[in-house]
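A short write-up of the structure that comes next.
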Amino acid sequence: MTMKSISSLSIDELQAFYNEAKQQYDAYRQKGVSINMARGKPSPQQLDLSNNLLDLKREDIGIKDADGNDVRNYGGLCGIPECRALFGEMMGVPADNVIAAGSSSLNLMYDYISQCCTHGTGGCDPWIFDNHRKFIAIVPGYDRHFAIAEYFGLQMISVPMTPTGPDMDRIEEIVKDPSVKGMFCVPKYSNPDGITYSPETVERIAAMRTAAPDFRVIWDEAYIVHDLYDEKDELANVFEFAEKYGTQNRFIAVASTSKITFAGAGVSAIVAFGDTLKEIKKRLSWQIISYDKMNQLRHCALYHSVADIQAQMKKHAEILRPKFDAVLDILHAELDGLEIATFNSPRGGYFISLNVNTGSAKYVGKLCSECGLTLTDVGATYPYGVDPNDANIRIAPSCPSVEELKTAAQILCSAVKIAACESLLGIQS
Ligand code: PMP
């Protein structure tokens with residue numbers, strides 16, 4: 001049954017609706033819950049899927065990589081060949097363009113921005129020399145990307161997400177400023193909207209003319225194989241477009257196995273072409289002698305091809321899907337038709353993005369927290385932690401159990417209703 005928009009209710013109907021939401025909320029508050037939906041962490045059940053990595057014996061793994069090099073020793077700055085090939089297949093690029101690295105793609109992104117700031121890229125001045133240096137922030141987005149930009153003093157210019165990716169008309173205008181040095185993109189199952197950029201958007205990002213010759217796009221493929229359903233989103237290959245437009249130096253792609261095997265204890269990779277790749281390799285030659293090749297070899301003992309990874313991702317999806325469905329079913333049942341919230345139904349990734357009435361997200365977050373439900377800090381999906389509309393709430397359903405998620409979604413919906421009713425009834429909150 002679709003409910004009526006709450007703005008069409010009479011005062012008495014609205015008051016009754018409010019009382020009901022409050023009663024539901026108070027009941028949960030009295031019961032006392034402790035549920036954390038703040039971060040996109042894999043659940044223990046998902047981590048258990050990779051315990052076979054821990055069970056591998058020396059004879060299962062060996063000590064030599066595909067080229068016969070001893071992985072226990074220094075050397076092989078770009079990673080072992082089979083791991084580079086695996087990421088190459090996953091990310092649609094030749095193995096030669098891949099550096100298989102340590103356990104974190106975030107670390108690779110941070111280091112890359114740091115390098116551009118202190119040493120410059122493409123023969124241009126270090127970004128830090130430009131007092132007006134700026135970065136495009138696609139919103140809502142990933143708080144840790146924004147944190148890196150903020151840390152390096154890159155002033156962020158927000159560009160809204162659309163169902164086909166960031167608003168490209170806006171971006172094409174903004175990049176006319178030579179102080180705009182780049183942007184982070186999560187092109188598949190974006191964090192938090194779960195949007196996959198359309199081929200047109202990917203092509204425009206590769207084709208656009210930027211005033212800054214050293215404009216860089218950090219193409220964060222964090223959710224590249226993280227499909228929840230059989231019907232998957234397909235992401236166009238940005239490097240093919242980049243080749244067409246001669247902009248291969250613009251792109252730095254990263255990925256990791258953090259949500260394939262162990263979070264923070266897997267393998268990450270960075271992909272680049274031409275001079276950009278040369279610059280990264282040169283910098284790395286000062287930064288590290290070689291990454292943890294033993295962990296790379298361990299991963300490659302279990303995963304020989306993307307087909308093996310996809311089989312693993314199906315197992316993740318079987319655990320994650322009921323969780324997303326539990327939250328989405330309740331959001332639909334409780335909120336559809338009321339016209340007080342919108343939300344996405346992603347086909348992959350780790351998040352559901354909920355948009356409530358302007359000016360009420362922080363209050364919803366406060367109500368949830370007072371009930372024992374921890375959400376991602378409201379505002380965190382925007383630069384500097386400030387959502388100008390105070391409307392977006394990121395839901396991370398991966399870690400709690402299905403039962404906990406049902407409770408969490410009910411609490412969240414009652415909080416959304418309370419906030420909307422109080423604003424219509426003129427109740428000071
Ligand atoms: N990028 C995005 C978009 C993410 O959501 C996350 C994890 N939440 C990361 C990067 C972190 O990746 P890693 O574990 O490889 O550092």
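In the structure tokens, chains take the letters A, B, ... in the order shown, each chain's residues start at 1, and ligands count up from 1 in the order shown.
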
A:Asp230 environment, 10 Å, only C-alpha atoms, sequence neighbours closer than 6 positions dropped, as a list in words |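 Using only C-alpha atoms, the neighbours found are Lys314, Ala317 and Arg347 of chain A.
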
Near A:Ile288, counting only C-alpha atoms, which residues have an atom at most 10 Å away, once you skip same-chain residues fewer than 5 positions from it, shown as a PDB file with N, CA and C atoms, in the first residue's frame?
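Written file, around-v7.pdb:
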ATOM      1  N   TYR A  74      64.023  -8.925  -1.062  1.00  0.00           N
ATOM      2  CA  TYR A  74      63.817  -7.634  -1.700  1.00  0.00           C
ATOM      3  C   TYR A  74      63.741  -7.797  -3.220  1.00  0.00           C
ATOM      4  N   GLY A  75      63.216  -6.784  -3.864  1.00  0.00           N
ATOM      5  CA  GLY A  75      63.207  -6.772  -5.336  1.00  0.00           C
ATOM      6  C   GLY A  75      61.794  -6.854  -5.878  1.00  0.00           C
ATOM      7  N   LEU A  77      59.892  -4.240  -7.482  1.00  0.00           N
ATOM      8  CA  LEU A  77      59.168  -3.063  -6.997  1.00  0.00           C
ATOM      9  C   LEU A  77      57.721  -3.018  -7.497  1.00  0.00           C
ATOM     10  N   ARG A 283      59.229   7.648  -8.063  1.00  0.00           N
ATOM     11  CA  ARG A 283      58.995   8.029  -6.663  1.00  0.00           C
ATOM     12  C   ARG A 283      59.038   6.801  -5.752  1.00  0.00           C
TER      13      ARG A 283
END

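Every residue having at least one atom no farther than 6 Å from ligand 1 is included below, with only C-alpha atoms and all ligand atoms taken into account: A:Gly40, A:Ser104, A:Ser105, A:Leu106, A:Tyr142, A:Val186, A:Asn191, A:Asp220, A:Ala222, A:Ser256, A:Ser258, A:Ala263, A:Gly264, A:Ser268.
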
Nearest residue to A:Ala253 from the set A:Asn295, A:Asn237, A:Thr342, A:Thr201 (distances using only C-alpha atoms) =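 Using only C-alpha atoms, A:Ala253 sits closest to A:Asn237.
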
Per DSSP on the backbone, what are the strand (DSSP E or B) residues of stretch 188-418 of chain A, as a count of residues only?
-> 32

Pick out the residues sitting within 12 Å of A:Phe262, and hand them over as a list in words; count only C-alpha atoms, and ignore anything fewer than 4 positions along from it in its own chain.
->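 Those residues are Lys41, Pro42, Ser43, Pro44, Gln45, Gln46, Leu47, Asp48, Leu49, Ser50, Asn51, Asn52, Leu53, Leu54, Ser103, Ser104, Ser256, Thr257, Ser258, Gly266, Val267, Ser268, Asn295 and His299 of chain A.
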
Residue with smallest distance to A:Ile418 - pool A:His332, A:Lys22, A:Lys362, A:Arg250, counting only C-alpha atoms = A:Lys22

Extract, using only C-alpha atoms, all DNA, RNA and protein residues at most 12 Å from A:Glu172, discarding same-chain residues fewer than 4 positions from it, and format them as a PyMOL selection string.
-> chain A and resi 136+159+166-168+176-177+180+182+201+204-211

Restricting the output to N, CA, C and O atoms, write the selected residues as a PDB file, in the first residue's frame.
ATOM      1  N   ILE A 136      38.068  18.982  -7.480  1.00  0.00           N
ATOM      2  CA  ILE A 136      36.621  18.800  -7.619  1.00  0.00           C
ATOM      3  C   ILE A 136      36.188  17.700  -6.650  1.00  0.00           C
ATOM      4  O   ILE A 136      36.835  16.653  -6.569  1.00  0.00           O
ATOM      5  N   VAL A 159      30.596  19.156  -6.842  1.00  0.00           N
ATOM      6  CA  VAL A 159      29.818  18.927  -8.071  1.00  0.00           C
ATOM      7  C   VAL A 159      28.846  17.784  -7.772  1.00  0.00           C
ATOM      8  O   VAL A 159      29.265  16.727  -7.285  1.00  0.00           O
ATOM      9  N   PRO A 166      28.927  12.131 -12.272  1.00  0.00           N
ATOM     10  CA  PRO A 166      28.928  13.544 -11.873  1.00  0.00           C
ATOM     11  C   PRO A 166      28.369  14.437 -12.974  1.00  0.00           C
ATOM     12  O   PRO A 166      28.396  14.067 -14.149  1.00  0.00           O
ATOM     13  N   ASP A 167      27.887  15.614 -12.564  1.00  0.00           N
ATOM     14  CA  ASP A 167      27.333  16.576 -13.523  1.00  0.00           C
ATOM     15  C   ASP A 167      28.479  17.084 -14.419  1.00  0.00           C
ATOM     16  O   ASP A 167      29.271  17.943 -14.017  1.00  0.00           O
ATOM     17  N   MET A 168      28.560  16.546 -15.619  1.00  0.00           N
ATOM     18  CA  MET A 168      29.700  16.841 -16.491  1.00  0.00           C
ATOM     19  C   MET A 168      29.670  18.259 -17.044  1.00  0.00           C
ATOM     20  O   MET A 168      30.716  18.826 -17.346  1.00  0.00           O
ATOM     21  N   LYS A 176      38.073  24.848 -16.480  1.00  0.00           N
ATOM     22  CA  LYS A 176      38.657  25.975 -17.230  1.00  0.00           C
ATOM     23  C   LYS A 176      39.586  26.806 -16.344  1.00  0.00           C
ATOM     24  O   LYS A 176      40.323  27.652 -16.816  1.00  0.00           O
ATOM     25  N   ASP A 177      39.516  26.558 -15.029  1.00  0.00           N
ATOM     26  CA  ASP A 177      40.395  27.248 -14.074  1.00  0.00           C
ATOM     27  C   ASP A 177      41.680  26.415 -13.920  1.00  0.00           C
ATOM     28  O   ASP A 177      41.626  25.254 -13.508  1.00  0.00           O
ATOM     29  N   VAL A 180      42.469  24.278 -10.850  1.00  0.00           N
ATOM     30  CA  VAL A 180      41.723  23.047 -10.554  1.00  0.00           C
ATOM     31  C   VAL A 180      42.571  21.875 -11.033  1.00  0.00           C
ATOM     32  O   VAL A 180      42.816  21.706 -12.225  1.00  0.00           O
ATOM     33  N   GLY A 182      42.343  18.446 -10.183  1.00  0.00           N
ATOM     34  CA  GLY A 182      41.894  17.071 -10.397  1.00  0.00           C
ATOM     35  C   GLY A 182      40.657  16.707  -9.613  1.00  0.00           C
ATOM     36  O   GLY A 182      39.966  17.588  -9.061  1.00  0.00           O
ATOM     37  N   THR A 201      29.562   9.579 -19.741  1.00  0.00           N
ATOM     38  CA  THR A 201      30.274  10.321 -18.690  1.00  0.00           C
ATOM     39  C   THR A 201      31.758   9.952 -18.704  1.00  0.00           C
ATOM     40  O   THR A 201      32.627  10.823 -18.642  1.00  0.00           O
ATOM     41  N   ARG A 204      33.413  11.642 -21.543  1.00  0.00           N
ATOM     42  CA  ARG A 204      33.588  13.100 -21.359  1.00  0.00           C
ATOM     43  C   ARG A 204      34.736  13.401 -20.395  1.00  0.00           C
ATOM     44  O   ARG A 204      35.449  14.390 -20.570  1.00  0.00           O
ATOM     45  N   ILE A 205      34.911  12.543 -19.393  1.00  0.00           N
ATOM     46  CA  ILE A 205      36.017  12.770 -18.439  1.00  0.00           C
ATOM     47  C   ILE A 205      37.364  12.591 -19.155  1.00  0.00           C
ATOM     48  O   ILE A 205      38.323  13.313 -18.903  1.00  0.00           O
ATOM     49  N   ALA A 206      37.389  11.652 -20.095  1.00  0.00           N
ATOM     50  CA  ALA A 206      38.634  11.434 -20.843  1.00  0.00           C
ATOM     51  C   ALA A 206      38.825  12.524 -21.895  1.00  0.00           C
ATOM     52  O   ALA A 206      39.962  12.917 -22.182  1.00  0.00           O
ATOM     53  N   ALA A 207      37.735  13.026 -22.443  1.00  0.00           N
ATOM     54  CA  ALA A 207      37.829  13.953 -23.579  1.00  0.00           C
ATOM     55  C   ALA A 207      37.988  15.406 -23.167  1.00  0.00           C
ATOM     56  O   ALA A 207      38.515  16.213 -23.937  1.00  0.00           O
ATOM     57  N   MET A 208      37.533  15.772 -21.961  1.00  0.00           N
ATOM     58  CA  MET A 208      37.430  17.208 -21.636  1.00  0.00           C
ATOM     59  C   MET A 208      38.793  17.902 -21.670  1.00  0.00           C
ATOM     60  O   MET A 208      39.820  17.306 -21.385  1.00  0.00           O
ATOM     61  N   ARG A 209      38.726  19.182 -22.056  1.00  0.00           N
ATOM     62  CA  ARG A 209      39.941  20.002 -22.061  1.00  0.00           C
ATOM     63  C   ARG A 209      40.063  20.666 -20.697  1.00  0.00           C
ATOM     64  O   ARG A 209      39.103  21.278 -20.224  1.00  0.00           O
ATOM     65  N   THR A 210      41.215  20.523 -20.104  1.00  0.00           N
ATOM     66  CA  THR A 210      41.416  21.132 -18.782  1.00  0.00           C
ATOM     67  C   THR A 210      42.467  22.229 -18.935  1.00  0.00           C
ATOM     68  O   THR A 210      43.454  22.051 -19.659  1.00  0.00           O
ATOM     69  N   ALA A 211      42.237  23.351 -18.256  1.00  0.00           N
ATOM     70  CA  ALA A 211      43.222  24.440 -18.335  1.00  0.00           C
ATOM     71  C   ALA A 211      44.539  24.003 -17.691  1.00  0.00           C
ATOM     72  O   ALA A 211      45.607  24.387 -18.139  1.00  0.00           O
TER      73      ALA A 211
END
